[in-house]
Structures are given as structure tokens and as C-alpha cells.
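Trainee: Below are the C-alpha cells for one structure; questions will follow.
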Amino acid sequence: MIASARPGGSRRVMRIFARGNVDVRDSLLWSKVGGELQWNGINEVLRVRHPGVVAKVRHETCARLDLLPLPGEVLLAPPETLARSLPSPGAHPIDRQHRSALFEGPAEIVILSVQSFATNALVRHKSEGWLLLPDELQAWDADSRAFLQRECVNAGLAPIEPALRRLEELIVAIEEQLGAHVLVYNLSPVLPGDRTHCWLGAEDSLQLRARRFNLGLADLSARLGFSVVDVERIAACAGAERLKVDLFHLTGEGWRLVAEEVVRILEERGCFDATGERP
Amino acid sequence: MNDLYLPALRASPYGLQRSGLRWMRPSGKSVEAREPIAACHVRLAAPRGEERRPPLAEEQNDLQIVLAPRTAGAIEYRADFSKGGYRDMVGSSDWDEGEVVGSAVAPGEGGELLALVLAGRRGFENGEGRGGLLSGWHERARGFWEGEGSGRFGTVLGLGTCEQTGLFRGEDMAFLSWFARAPGPAQIIAVSDERCVHSSAVVLQHVRRTPAEARAISEAVYAWIGERMALSGSGAFPAFEADAWKGTLRGRWPEAQNVLYALYMLAEAVGTSPILERTEVLTRSGLVEQGPPDAVALSTGSEFAPHFRHKRTGWMIAIHGFRFGSFIGPGVIDWLRRDFERVNRTIADSERDLTALADEVAARTGATLLVQNLIASSAADRISNYSWLGETFAESIPVIGAEANLMVSGLTRHPNISAIDSDALAADLGVSHAPDRVHASRALLEAQRSEIQRVLKERCVPGF
């Protein structure tokens with residue numbers, strides 16, 4: 001069943017597990033700027049289009065999708081004591097970067113994003129080989145930064161082909177283990193104000209990486225049948241100049257359009273049908 | 001009140017004659033700087049005894065000058081400079097530099113008007129279509145202006161699809177948008193794609209063509225036309241059939257479309273490549289010859305138009321799919337089926353040919369290629385699950401668009417290729433500004449012009 005009856009209530013609960021960063025969180029949960037609410041999440045859309053359904057979104061931030069372990073897989077990770085001792089001032093606590101509740105509980109819908117693959121560069125421990133995202137590095141204390149410099153090397157951005165293979169394995173595992181519908185956000189490559197006409201030396205720029213990942217994601221969707229939430233198209237149709245704040249952030253209107261697209265895709269996949277069974 | 005007068009334009013030893021002025025704004029109204037207020041036709045008059053080929057010979061029949069003030073303000077003009085009727089379309093009086101034609105109302109304004117010269121090379125000299133600015137059928141149209149500058153003219157050639165007609169010629173078809181924004185001396189040349197699409201494969205082959213290959217193509221076309229004539233049996237000339245004796249709706253000779261289309265394709269294939277063609281410009285100090293274009297704008301969309309290769313000669317042509325039918329003629333379609341083979345070009349083919357073209361152009365003229373990418377996003381393609389496309393996935397427009405745009409980005413590693421990212425510009429403004437991905441709104445065209453102008457400046461093309 002896609003939606004389960006909530007005890008004592010009349011609305012069905014749609015369980016969504018979301019692993020991603022600002023794109024996933026701001027569109028599905030809420031978007032605030034300076035403490036002011038810009039968009040109140042997917043339930044705003046459901047309230048109008050499917051008043052009998054409420055989405056319960058469980059969200060995890062994502063240092064990078066290749067740090068998310070597959071069922072039964074044990075990834076190399078920093079020792080627990082070290083992970084707790086290193087600073088984690090941002091949205092990616094080090095002791096949670098290699099863990100996920102994705103495969104622990106039921107979810108009818110799993111939502112991922114290629115953003116972390118496209119844009120997040122990791123470091124690798126020289127001798128033990130584990131990876132981590134040193135988030136908000138400028139806020140780290142001097143000792144921790146010295147540790148990082150001494151013990152780790154830059155592992156860089158994710159190579160595209162291995163990243164897409166990893167995403168494929170993940171999606172297959174989700175479908176096998178959870179039987180969930182999988183939706184993956186792509187990334188709008190438009191950077192407002194950017195006017196690059198010569199990409200010499202910028203082959204690995206985030207805009208080009210976003211374009212390559214989007215194309216690879218479409219190819220993967222063609223083979224596996226999951227859905228792509230085409231953030232690139234949404235921004236382009238409405239106008240990125242109006243809708244985009246920077247490479248990652250949309251305005252409240254932008255997040256609303258993305259949430260509406262998620263609901264439309266779920267409709268297309270039959271998630272609101274009476275039975276809620278997968279097609 | 002300050003006088004506005006005709007600027008200096010010299011063609012010595014030739015004389016310059018103009019028609020009456022056609023006023024483009026009501027007298028007394030305010031205009032912007034460089035906003036056209038009047039236009040006239042001009043022609044070069046040979047001195048007595050001069051027998052050499054005159055300059056601008058191929059554009060003599062459609063040579064026009066547009067006049068604009070240097071600064072904004074209200075303009076009043078002398079109505080008697082317009083003769084009306086056909087007198088405003090044929091040269092009849094001498095171009096008299098310094099002749100006062102109007103005045104600027106505000107103090108400190110006025111002075112010498114700026115001239116934008118328009119030159120249209122007709123596809124066929126008798127194909128007359130005077131009336132508006134650059135009206136009629138031109139296989140090449142150009143606009144050049146010295147502005148307030150001096151020295152060499154920077155020249156841009158627009159060789160792309162109709163998206164570049166809007167971009168370069170503009171909705172007025174007379175380059176007025178560029179005249180308003182580029183200080184000069186600058187020149188824009190537009191060669192349209194109504195007959196043959198200028199993909200990298202077509203253009204590269206044209207640039208490399210030998211006299212022997214040109215002869216072989218000519219012979220192939222002549223032979224085919226001969227065949228068409230031999231085949232024409234009874235009923236080939238409906239204008240003279242019995243049922244036309246008292247009148248008929250069948251006006252055109254049915255074979256005309258086939259023959260003329262084939263001849264035009266031939267004329268383009270064995271004429272000079274616009275990439276190599278030098279030009280002559282009228283300036284304050286006389287006629288000056290300019291080198292080949294500094295920048296050549298191409299459309300990525302050209303790469304994926306249907307391509308055909310002539311089996312015997314190897315002659316490559318490209319024709320937009322929507323041109324098939326009445327635009328080219330049923331006989332030509334039969335000819336394509338019989339004597340040509342369809343060439344399915346991949347993105348890799350396009351990448352190879354664009355790279356080779358960039359090398360060829362760099363070696364010969366040093367020009368930069370400006371490759372305008374595809375507007376890949378569209379409100380019409382709302383695909384969330386690509387598996388539903390099945391076998392058609394690889395050929396779907398969003399996928400081809402995305403792959404082609406990545407290819408174009410990669411090409412910019414080549415030192416003389418710049419990408420014009422129309423996709424990003426459309427995404428910035430919203431793709432409703434180009435709902436069919438090609439034909440852009442005024443706002444999007446202006447954004448594209450700004451982008452091209454910026455690239456030209458970065459590439460140090462003078463006048464922009």
C-alpha cells in the first residue's frame with residue numbers, strides 16, 4: 001500500500017523518505033529566509049489537490065550519496081570517537097554522514113537528489129581510506145583543521161560514471177527492499193549572472209557537471225524506470241532569473257513549483273489511486 | 001535649433017546618388033540616440049569612361065542608407081526632402097555631405113547624422129523587391145556603420161538558422177538593433193538558411209571545395225535539369241493547354257520550382273564561401289576593402305537538419321525538414337531519393353566537423369566561431385520517467401539537446417570557438433520566450449545580442 005490509514009484520523013499518510021540537501025528539504029518541508037517562511041512544503045500542495053492525503057516526510061541531509069550504505073554494506077567511516085570530536089557546525093554532522101535510516105523503516109516514496117554527487121567534494125583519510133565531507137570548514141578550530149591537513153587528502157568531486165553506477169545500485173536496492181517509488185531531483189545548471197562562453201580549463205565546473213549528471217540521470221531513468229524531478233526544466237520554464245537565487249537555492253515560488261511537480265509525478269505513478277498499488 | 005546634416009560618405013572616383021529621403025518618424029517627435037529617422041536608396045555613379053567593375057557591384061540594386069541622430073531628443077525635418085512615390089526608391093540626386101535635412105530642438109544637439117549602410121545581394125538580380133529596408137530576396141544582406149569611430153571594421157557573419165535572422169537582422173530585418181548598440185566601425189553580414197542549411201559539414205566542404213569538384217557538381221545539376229526537360233511530356237506547359245484559353249488558375253510553370261531550387265543550390269555551392277568573402281564598405285574617406293569576417297556565428301540546430309550527400313560527387317547539402325514539399329518542389333525530392341544518400345549525423349560527427357571547421361578557419365582567416373547552442377528545455381517536454389520513452393530515448397529532443405549542448409561546451413576548449421549559451425539565456429528569462437525552442441521573443445533576442453556583443457568584446461573584435 002502506498003498510503004496507510006492514520007489511526008483515528010480520516011486522512012491517509014504518505015510516507016516519504018528524503019535524502020538530500022537544500023533542494024529536497026526546501027521543496028518538501030519548508031523554506032525560510034531570515035526566519036521568514038517562504039514555502040511550507042509539499043503538504044501545501046496536497047491540501048489542495050489531495051485533501052485526503054498528508055505526507056509525512058522523513059528527511060536526512062546528504063554529504064554525498066556514495067556515503068549512503070546499501071543494505072548489508074559496511075562503508076569505511078571515521079572511528080566514532082573521532083567523528084564525534086571533529087567539528088560539525090553545518091548540516092552534515094560527521095558521525096551521521098555514513099549512516100542512514102533509509103532501509104530501516106517503511107516508506108512508500110523515496111526521494112533523492114544528484115546535487116551532492118554534482119557539487120560536494122570529499123576528503124579521504126590517507127591511511128584508513130574513509131571519506132568525509134568537511135562541512136563549514138571555515139568554522140573549524142585550528143587543531144581540527146590541522147588534523148585534516150595532516151591526515152587527509154582531497155578526494156575531490158565524484159567522478160560521474162562511478163557515481164551514476166552507485167546511484168543505480170542504490171535505486172535497485174530501494175525498489176527491492178522497500179518496494180518504494182523512487183524520485184530523483186536533477187539540478188538546474190543555470191547560475192544567475194554567469195555568462196561563460198569558453199569552458200577551457202572549466203571542464204569540471206559545477207554547471208557542466210550538473211548538465212552531465214542530468215543527462216546521465218535521464219539515461220538511468222530510461223533504463224530503470226524511476227522518475228526524475230526535472231528541476232532544470234522547472235527553473236527554465238518559469239525563468240531562472242526570477243526563480244533562482246544561486247546554483248542551489250530557489251525562491252519560495254521555485255520550491256512550490258518543485259513540490260507541485262513531485263505531486264504531479266506521484267499522481268502519474270498512481271500513488272493517489274484508491275489502492276495505491278504500484279503500476 | 002541645431003542643424004542636422006547628411007554625413008560624409010565617399011566613393012571616389014565614383015559619385016554617390018541618393019533617392020528622396022523616406023522619413024521614419026513624425027517631425028517634432030523625440031527619438032533615441034541612433035534611432036533611425038530617415039532612409040534612402042543610393043547607387044554609385046561611374047565616372048565617364050570608367051569601364052572597370054564598379055565597387056559594390058553585386059549590391060548596387062539594393063544599397064540603402066539609414067540616418068540617425070547621435071543623441072536623443074526631438075527632431076524636426078524638412079518634408080520636401082521626401083519626394084514620395086517611386087522617387088524615394090531610386091537614386092536621383094547627388095549625396096551632398098553637409099546638406100541640412102532637419103534640426104534638433106534642444107540646444108547642444110544636432111550635427112552630423114550617423115549613417116547605417118545596408119547592402120543586399122539578390123539571389124537573382126532581377127528579383128526586385130524594393131519598398132522597405134532591405135526588402136526583397138537577398139542571399140546575403142549586410143549592414144555596416146562607421147559610427148563615431150575610425151579604422152578597421154569588425155565583421156560578424158551570421159550563418160545560422162532562422163534564430164540568427166532574428167538575432168542579427170532583427171524584427172526590422174535591417175540590423176537596427178545592432179546599429180543602436182555597437183559603436184562601430186562594425187559590420188554584420190547575414191546569410192540565411194532558407195535554401196541550404198549551413199551546418200559544419202556543409203560549410204567545411206564548401207570552404208575546401210576545389211574547382212574540379214565545383215565543375216562536377218555543376219555538371220550533375222545541369223544533367224539533372226536536362227533530364228527534367230527531356231521528361232516533360234504533354235501537359236508540361238499548362239499555360240498553353242486548351243482549357244487555359246479563356247483563363248486558368250495554373251499560373252506558374254510547374255517545373256520552375258524544381259529547376260530554380262536546384263540552380264540556387266548550385267549557385268551557393270560553387271560561389272565563394274561567405275566565410276572567406278571580403279567586403280567593401282563606404283566610409284567618410286572613401287571605399288575601403290575589408291577582410292573576411294572576424295567572427296562566424298553558427299547554430300547547433302543546423303547540425304541536426306536532414307543532410308544528403310550526392311552519390312557521385314560527394315556534394316553535401318542540408319535542408320530543414322519543414323522545407324520539404326512546396327518549398328523545394330516534388331522533382332527535387334525525387335532527385336534526392338535517387339541521386340543522394342541520407343546522412344544521419346551524430347553528435348560525434350558534428351563535434352568532429354565543427355572542430356575541423358574551426359581549424360580550417362583559424363588557418364585561413366583567423367576568425368572565431370560563435371556556436372549558439374540549443375534551447376534544450378521546453379514547457380512541452382514534461383518527461384519525468386524516461387523509461388516510458390523506450391527505444392526513442394536516445395532520439396528524444398531533450399536528450400539530444402542536452403548532449404549537443406555538452407558537446408558545444410566541450411568544443412570551447414578549441415582556442416577559436418566560443419559558445420553562445422542560448423539555453424542558459426532562455427532558462428534565465430523563462431523558456432516561454434522561445435516556446436518552440438528556436439524563435440525567440442524580443443527580450444530573449446536582446447539578451448542574446450548582449451551576450452554576443454560581450455563575447456565579441458572579449459575576443460577583441462573591433463567596433464562592437
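Letters for chains follow the order of the C-alpha cells (A, B, ...), residue numbers begin at 1 for each chain, and ligand numbers begin at 1 in the order shown.
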Quick one: which residues from chain B are at most 6 Å off chain A, using only C-alpha atoms, as a ChimeraX atom specification?

Mentor: /B:377,379,384-387,412-413,418-420,424,427-431

Trainee: Using the chain letters and numbers from this document, which residues of segment 14-243 of chain A does DSSP assign to helix (DSSP H, G or I), as number ranges by chain?

Mentor: A: 22-28, 42-49, 65-67, 80-85, 94-96, 115-119, 137-139, 142-151, 160-178, 206-224, 231-238, 240-243

Trainee: Hey, could you make a per-residue contact list for segment 264-355 of chain B against segment 3-12 of chain B with 7 Å as the cut-off, showing the nearest pair of atoms and its distance in Å to one decimal, counting only C-alpha atoms, sorted by chain and number, as a tab-separated table?

Mentor:
residue	atom	partner	partner_atom	distance
B:Leu282	CA	B:Leu9	CA	6.3
B:Thr283	CA	B:Leu9	CA	5.4
B:Arg284	CA	B:Leu9	CA	4.5
B:Ser285	CA	B:Arg10	CA	5.9
B:Gly286	CA	B:Arg10	CA	4.3
B:Leu287	CA	B:Ala11	CA	5.2

Trainee: Could you dump the residues just selected with C-alpha atoms as a compact mmCIF listing (two decimals), in the first residue's frame?

Mentor:
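Result file follows (result.txt):
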# COMPACT_ATOMS: atom_id res chain seq x y z
CA LEU B 282 31.58 53.07 -47.71
CA THR B 283 33.32 55.38 -45.25
CA ARG B 284 33.91 59.08 -44.70
CA SER B 285 37.20 58.75 -46.54
CA GLY B 286 36.07 56.53 -49.39
CA LEU B 287 35.53 52.92 -50.29

Trainee: So which bits of segment 16-242 of chain A end up strand (DSSP E) when you DSSP the backbone, as a ChimeraX atom specification?

Mentor: /A:16-19,31-33,36-39,53-60,109-113,122-125,131-132,152-156,181-185,227-229

Trainee: Would you mind exporting the chosen residues as a CSV table (one decimal), in the first residue's frame, restricted to C-alpha atoms?

Mentor:
chain,number,residue,atom,x,y,z
A,16,ILE,CA,8.2,9.9,2.1
A,17,PHE,CA,11.9,9.3,2.9
A,18,ALA,CA,14.0,12.1,1.5
A,19,ARG,CA,17.8,12.1,1.4
A,31,SER,CA,11.9,27.1,3.1
A,32,LYS,CA,12.9,30.0,5.3
A,33,VAL,CA,14.9,33.1,4.6
A,36,GLU,CA,10.6,34.2,7.3
A,37,LEU,CA,8.7,31.3,5.8
A,38,GLN,CA,8.9,31.3,2.0
A,39,TRP,CA,7.3,28.0,1.3
A,53,VAL,CA,-3.7,12.6,2.0
A,54,VAL,CA,-1.0,14.0,4.2
A,55,ALA,CA,2.7,13.5,3.5
A,56,LYS,CA,4.9,12.5,6.4
A,57,VAL,CA,8.5,13.4,5.3
A,58,ARG,CA,11.5,11.9,7.0
A,59,HIS,CA,14.5,13.9,5.9
A,60,GLU,CA,18.2,13.3,6.1
A,109,ILE,CA,8.2,7.0,-1.7
A,110,VAL,CA,12.0,7.7,-1.6
A,111,ILE,CA,13.3,11.0,-2.9
A,112,LEU,CA,16.9,11.5,-3.7
A,113,SER,CA,18.9,14.3,-5.4
A,122,LEU,CA,35.2,15.0,0.0
A,123,VAL,CA,38.4,14.3,1.7
A,124,ARG,CA,40.0,10.9,2.2
A,125,HIS,CA,41.9,9.7,5.2
A,131,LEU,CA,35.8,9.6,3.1
A,132,LEU,CA,34.1,12.6,4.7
A,152,CYS,CA,43.6,13.5,4.9
A,153,VAL,CA,43.9,14.3,1.2
A,154,ASN,CA,41.5,15.9,-1.1
A,155,ALA,CA,39.4,13.2,-2.8
A,156,GLY,CA,37.6,15.8,-5.0
A,181,HIS,CA,8.6,4.7,-5.8
A,182,VAL,CA,11.9,6.5,-6.4
A,183,LEU,CA,12.1,10.1,-7.4
A,184,VAL,CA,15.4,11.8,-8.0
A,185,TYR,CA,15.9,15.6,-8.3
A,227,SER,CA,11.2,9.3,-12.0
A,228,VAL,CA,13.3,12.4,-12.5
A,229,VAL,CA,12.1,15.6,-10.8

Trainee: Using only C-alpha atoms, find the one residue out of B:Pro306, B:Pro293, B:Gly20, B:Gly166 that sits nearest to Ile189 of chain B.

Mentor: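 Of B:Pro306, B:Pro293, B:Gly20, B:Gly166, the one nearest Ile189 of chain B, counting only C-alpha atoms, is B:Pro293.
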
Trainee: Glu146 of chain B: which residues within 7 Å, counting only C-alpha atoms, same-chain residues fewer than 5 positions away excluded, as an MDAnalysis selection string?

Mentor: chainID B and resid 184:186 283

Trainee: So which residues touch segment 242-256 of chain B within 9 Å, counting only C-alpha atoms, skipping near sequence neighbours fewer than 2 positions away, as a PyMOL selection string?

Mentor: chain B and resi 228-229+232+236-240+258-261+329+331

Trainee: Residues within 12 Å of Glu395 of chain B, please, as a PyMOL selection string. Count only C-alpha atoms; anything in the same chain fewer than 4 positions from it doesn't count.

Mentor: (chain A and resi 219) or (chain B and resi 304+344-347+386+389-391+399-404)

Trainee: Kindly save the residues from that selection, with N, CA and C atoms included, as a PDB file, in the first residue's frame.

Mentor:
ATOM      1  N   ASP A 219      19.314   9.047 -18.620  1.00  0.00           N
ATOM      2  CA  ASP A 219      19.675   7.743 -19.183  1.00  0.00           C
ATOM      3  C   ASP A 219      19.365   6.632 -18.180  1.00  0.00           C
TER       4      ASP A 219
ATOM      5  N   PHE B 304      21.710  19.295 -37.031  1.00  0.00           N
ATOM      6  CA  PHE B 304      20.785  18.157 -36.996  1.00  0.00           C
ATOM      7  C   PHE B 304      19.651  18.278 -38.014  1.00  0.00           C
ATOM      8  N   ASN B 344      22.917  10.364 -41.739  1.00  0.00           N
ATOM      9  CA  ASN B 344      22.466  10.534 -40.358  1.00  0.00           C
ATOM     10  C   ASN B 344      23.642  10.992 -39.510  1.00  0.00           C
ATOM     11  N   ARG B 345      23.597  12.230 -39.126  1.00  0.00           N
ATOM     12  CA  ARG B 345      24.727  12.783 -38.387  1.00  0.00           C
ATOM     13  C   ARG B 345      24.533  12.627 -36.884  1.00  0.00           C
ATOM     14  N   THR B 346      25.564  12.156 -36.238  1.00  0.00           N
ATOM     15  CA  THR B 346      25.533  12.015 -34.786  1.00  0.00           C
ATOM     16  C   THR B 346      26.170  13.255 -34.147  1.00  0.00           C
ATOM     17  N   ILE B 347      26.053  13.325 -32.853  1.00  0.00           N
ATOM     18  CA  ILE B 347      26.693  14.434 -32.143  1.00  0.00           C
ATOM     19  C   ILE B 347      28.210  14.357 -32.305  1.00  0.00           C
ATOM     20  N   TYR B 386      11.915   8.548 -17.893  1.00  0.00           N
ATOM     21  CA  TYR B 386      12.464   8.381 -19.239  1.00  0.00           C
ATOM     22  C   TYR B 386      12.312   6.955 -19.764  1.00  0.00           C
ATOM     23  N   LEU B 389       9.912   6.400 -22.585  1.00  0.00           N
ATOM     24  CA  LEU B 389      10.267   6.733 -23.965  1.00  0.00           C
ATOM     25  C   LEU B 389      10.744   5.509 -24.735  1.00  0.00           C
ATOM     26  N   GLY B 390      11.102   4.457 -24.010  1.00  0.00           N
ATOM     27  CA  GLY B 390      11.544   3.211 -24.651  1.00  0.00           C
ATOM     28  C   GLY B 390      12.701   3.438 -25.604  1.00  0.00           C
ATOM     29  N   GLU B 391      12.562   2.862 -26.802  1.00  0.00           N
ATOM     30  CA  GLU B 391      13.638   2.920 -27.793  1.00  0.00           C
ATOM     31  C   GLU B 391      13.905   4.339 -28.282  1.00  0.00           C
ATOM     32  N   VAL B 399      16.959  14.908 -24.791  1.00  0.00           N
ATOM     33  CA  VAL B 399      18.229  14.187 -24.638  1.00  0.00           C
ATOM     34  C   VAL B 399      19.241  14.671 -25.676  1.00  0.00           C
ATOM     35  N   ILE B 400      18.806  14.779 -26.929  1.00  0.00           N
ATOM     36  CA  ILE B 400      19.716  15.272 -27.967  1.00  0.00           C
ATOM     37  C   ILE B 400      20.176  16.691 -27.638  1.00  0.00           C
ATOM     38  N   GLY B 401      19.222  17.511 -27.189  1.00  0.00           N
ATOM     39  CA  GLY B 401      19.568  18.893 -26.838  1.00  0.00           C
ATOM     40  C   GLY B 401      20.618  18.942 -25.748  1.00  0.00           C
ATOM     41  N   ALA B 402      20.424  18.135 -24.711  1.00  0.00           N
ATOM     42  CA  ALA B 402      21.372  18.144 -23.590  1.00  0.00           C
ATOM     43  C   ALA B 402      22.737  17.624 -24.038  1.00  0.00           C
ATOM     44  N   GLU B 403      22.737  16.558 -24.837  1.00  0.00           N
ATOM     45  CA  GLU B 403      24.016  16.001 -25.306  1.00  0.00           C
ATOM     46  C   GLU B 403      24.734  16.992 -26.226  1.00  0.00           C
ATOM     47  N   ALA B 404      23.966  17.612 -27.117  1.00  0.00           N
ATOM     48  CA  ALA B 404      24.575  18.560 -28.060  1.00  0.00           C
ATOM     49  C   ALA B 404      25.149  19.759 -27.310  1.00  0.00           C
TER      50      ALA B 404
END

Trainee: Excluding segment 138-143 of chain B and any residue of its chain fewer than 5 positions from it, enumerate the residues within 8 Å of it, using only C-alpha atoms, and give them as a ChimeraX atom specification.

Mentor: /B:116-123,174-175,187-192

Trainee: Nearest residue to Ala318 of chain B out of B:Gly132, B:Gly111, B:Gly235, B:Gly301, using only C-alpha atoms?

Mentor: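 Once distances to Ala318 of chain B are computed over only C-alpha atoms, the minimum belongs to B:Gly301.
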
Trainee: Select, from B:Glu128, B:Glu163, B:Asp339, B:Glu451, the residue with the minimum atom-to-atom distance to Ala223 of chain B, counting only C-alpha atoms.

Mentor: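 Distance minimum relative to Ala223 of chain B lands on B:Asp339.
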
Trainee: Separation of atom CA of Leu133 of chain B and atom CA of Ala367 of chain B, in Å?

Mentor: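 Distance between the two atoms: 28.7 Å.
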
Trainee: Find the spatial neighbours of Arg145 of chain A, counting only C-alpha atoms, within a cut-off of 10 Å - ignore same-chain residues fewer than 5 positions away - and output them as a PyMOL selection string.

Mentor: chain A and resi 86-87+134+137-140+150-151

Trainee: Could you save the residues just selected, with C-alpha atoms, as an mmCIF file, in the first residue's frame?

Mentor:
data_model
loop_
_atom_site.group_PDB
_atom_site.id
_atom_site.type_symbol
_atom_site.label_atom_id
_atom_site.label_comp_id
_atom_site.auth_asym_id
_atom_site.auth_seq_id
_atom_site.Cartn_x
_atom_site.Cartn_y
_atom_site.Cartn_z
ATOM 1 C CA LEU A 86 35.633 16.726 14.870
ATOM 2 C CA PRO A 87 33.544 19.870 14.490
ATOM 3 C CA PRO A 134 34.379 18.679 5.969
ATOM 4 C CA LEU A 137 35.379 24.256 7.190
ATOM 5 C CA GLN A 138 35.860 27.936 7.881
ATOM 6 C CA ALA A 139 34.186 27.394 11.254
ATOM 7 C CA TRP A 140 36.530 24.562 12.287
ATOM 8 C CA ARG A 150 47.877 16.190 8.270
ATOM 9 C CA GLU A 151 45.784 13.058 7.990
#

Trainee: Which one is closest to Arg49 of chain A: A:Asp273, A:His249, A:Glu260, A:Leu178? Count only C-alpha atoms.

Mentor: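 Among A:Asp273, A:His249, A:Glu260, A:Leu178, it is A:Glu260 that comes nearest to Arg49 of chain A.
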
Trainee: Quote the spacing between atom CA of Ala33 of chain B and atom CA of Pro69 of chain B in Å to one decimal place.

Mentor: 5.7 Å

Trainee: What does the distance from atom CA of Cys271 of chain A to atom CA of Ser10 of chain A come to in Å, to one decimal?

Mentor: 17.4 Å
